[in-house]
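Down below is the structure, laid out as C-alpha cells.
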Amino acid sequence: VHERPINGAPWMTYYAAIDPVEKGSTKTSDSRASIYVYMTSYSRTVDGKMSVQGNKLVAEWVGRYDDLDDTNEMLSMVVEWYNAFTMCESNKPSFIQHMRVKKRQRYMARKSDMIFDKEVNQTSENIQFQEYGVHMTEQLWSKLLEFAIEFLSEKISTKFRPDEAGEEKEITTYGVERIPFVELIHEMQEYNPKGNWDRLKTFGILCGFIKAQQAKLGTISRK
C-alpha cells in the first residue's frame, strides 16, 4: 500500500484491475495473481479551498497462496478496502466466481465497461455471454499496451524554475511518476512478447479500464 484509502471518498474514486490465477501454489507455473489500484482525479474542498487530488496508483499486491481461495480472498480484501470498481481478466474466472459466491458482484466491472470492446474481437461464441471482466486476446493486449504507454508518457504538469544562470527552465512531470512500485517499472524495462508479465498485464488492463471510464464519465482538469 502506497497510500491508504480516503475516508468518505465518493464511490468509484478508486479503480482496480486484477490478473488472477486458476490454481494454488504449483511447481508447473511461476505465474502470480496481481492487483493494482488507481485513485481517480476528483475535486475536494479542504479548509474552504477546492483542490484536485488523485490520478495515481496507490496500491499493489502480487502473490499466490497454497490455497486458491486464500489468494482470491486477499485480492477481494484489497478491492473492498478501497471500495474499488474492479476489472478482472475473465480468461481465468476463479476470482469472478469467488466474488459471486461471496455476493460481492457490486465491485465487479462488466465487459461492457471496456468501451473499446467494439474495436477488438470480443464477440466470439465462447465469450459473448460472459458478464464480468474482460477476455484477453492478442489483439486486445496490443491495444492495452498502447494505453499503458499513453499513461506513462502523458504530460501531467509543467513548471518553470530559474536555473543557475537565472533563466527560466521548463520542468515537465510525466505520467510514469504516478507509479511508486519499482518492480512494475522493472517489468516494463524487461518486457518481451514471450515472457510472463503478471504485473504489466494487470497494469495494462487498468490503463484500458481507466481510459474507458474517463471517456464515459469525463475527467477533472488540473491547472
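Here, A, B, ... name the chains of the C-alpha cells in the order displayed, residue numbers run from 1 inside each chain, and ligands are numbered from 1 in the same displayed order.
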Query raised in the report: as number ranges by chain, which residues of chain A does DSSP assign to helix (DSSP H, G or I)?
Result: A: 68-82, 94-101, 105-107, 111-113, 115-119, 138-153, 175-178, 182-190, 198-217
Restrict the selected residues to C-alpha atoms and save them as a compact mmCIF listing (two decimals), in the first residue's frame.
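Output saved as out-v2.txt:
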```txt
# COMPACT_ATOMS: atom_id res chain seq x y z
CA LEU A 68 -6.57 -20.67 -4.28
CA ASP A 69 -9.37 -19.39 -2.04
CA ASP A 70 -6.79 -17.58 0.13
CA THR A 71 -5.33 -15.89 -2.96
CA ASN A 72 -8.75 -14.77 -4.18
CA GLU A 73 -9.74 -13.58 -0.72
CA MET A 74 -6.59 -11.44 -0.49
CA LEU A 75 -7.47 -9.83 -3.82
CA SER A 76 -11.01 -9.28 -2.58
CA MET A 77 -9.76 -7.66 0.64
CA VAL A 78 -7.79 -5.09 -1.36
CA VAL A 79 -10.83 -4.36 -3.53
CA GLU A 80 -13.11 -3.95 -0.53
CA TRP A 81 -10.65 -1.83 1.46
CA TYR A 82 -10.51 0.73 -1.34
CA SER A 94 -11.67 -18.16 -10.46
CA PHE A 95 -11.74 -14.67 -8.92
CA ILE A 96 -15.01 -13.75 -10.60
CA GLN A 97 -16.54 -16.99 -9.31
CA HIS A 98 -15.15 -16.23 -5.84
CA MET A 99 -16.83 -12.81 -5.83
CA ARG A 100 -20.11 -14.34 -6.99
CA VAL A 101 -20.06 -16.89 -4.17
CA GLN A 105 -20.52 -8.60 -7.52
CA ARG A 106 -21.14 -4.90 -6.92
CA TYR A 107 -17.39 -4.33 -7.08
CA LYS A 111 -17.15 -6.40 -20.12
CA SER A 112 -19.34 -3.56 -21.43
CA ASP A 113 -17.37 -1.21 -19.15
CA ILE A 115 -15.74 0.71 -24.36
CA PHE A 116 -13.15 -0.39 -26.90
CA ASP A 117 -14.55 -3.95 -26.95
CA LYS A 118 -16.00 -2.99 -30.31
CA GLU A 119 -12.52 -2.18 -31.59
CA GLU A 138 -3.60 -10.83 -28.60
CA GLN A 139 -5.47 -8.03 -30.33
CA LEU A 140 -6.75 -6.66 -27.04
CA TRP A 141 -3.33 -6.92 -25.43
CA SER A 142 -1.83 -4.79 -28.21
CA LYS A 143 -4.48 -2.17 -27.51
CA LEU A 144 -3.82 -2.28 -23.76
CA LEU A 145 -0.10 -1.76 -24.34
CA GLU A 146 -0.93 1.40 -26.26
CA PHE A 147 -2.97 2.69 -23.32
CA ALA A 148 -0.16 1.79 -20.89
CA ILE A 149 2.35 3.76 -22.97
CA GLU A 150 -0.03 6.73 -23.08
CA PHE A 151 -0.34 6.60 -19.27
CA LEU A 152 3.45 6.64 -18.87
CA SER A 153 4.16 9.39 -21.40
CA GLY A 175 2.73 10.05 -16.10
CA VAL A 176 5.37 7.49 -15.15
CA GLU A 177 5.93 9.45 -11.95
CA ARG A 178 2.45 8.37 -10.81
CA VAL A 182 9.62 -0.35 -8.54
CA GLU A 183 9.01 -3.96 -9.61
CA LEU A 184 6.36 -2.83 -12.08
CA ILE A 185 8.87 -0.43 -13.64
CA HIS A 186 11.41 -3.27 -13.84
CA GLU A 187 8.91 -5.48 -15.67
CA MET A 188 8.32 -2.71 -18.18
CA GLN A 189 12.06 -2.43 -18.81
CA GLU A 190 12.49 -6.18 -19.27
CA ASP A 198 1.82 -10.56 -14.41
CA ARG A 199 2.34 -7.01 -13.18
CA LEU A 200 2.47 -5.49 -16.64
CA LYS A 201 -0.64 -7.33 -17.82
CA THR A 202 -2.58 -6.10 -14.80
CA PHE A 203 -1.31 -2.57 -15.33
CA GLY A 204 -2.36 -2.73 -18.99
CA ILE A 205 -5.87 -3.83 -18.04
CA LEU A 206 -6.03 -1.00 -15.52
CA CYS A 207 -4.91 1.60 -18.08
CA GLY A 208 -7.56 0.40 -20.53
CA PHE A 209 -10.20 0.48 -17.81
CA ILE A 210 -9.19 4.00 -16.76
CA LYS A 211 -9.36 5.13 -20.38
CA ALA A 212 -12.82 3.63 -20.79
CA GLN A 213 -14.17 5.20 -17.61
CA GLN A 214 -12.70 8.61 -18.41
CA ALA A 215 -14.41 8.50 -21.79
CA LYS A 216 -17.68 7.63 -20.07
CA LEU A 217 -17.53 9.93 -17.05
```
Query raised in the report: In region 34-169 of chain A, what's strand (DSSP E) per DSSP? Answer as a ChimeraX atom specification?
Result: /A:34-39,42-46,49-53,56-63,85-88,155-162,168-169
Requested in this report: Grab the CA of Gly195 (chain A) to CA of Val62 (chain A) distance for me, in Å with one decimal place.
Outcome: 16.8 Å
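Picture a line from CA of Glu60 (chain A) to CA of Ile18 (chain A); it runs 10.0 Å.
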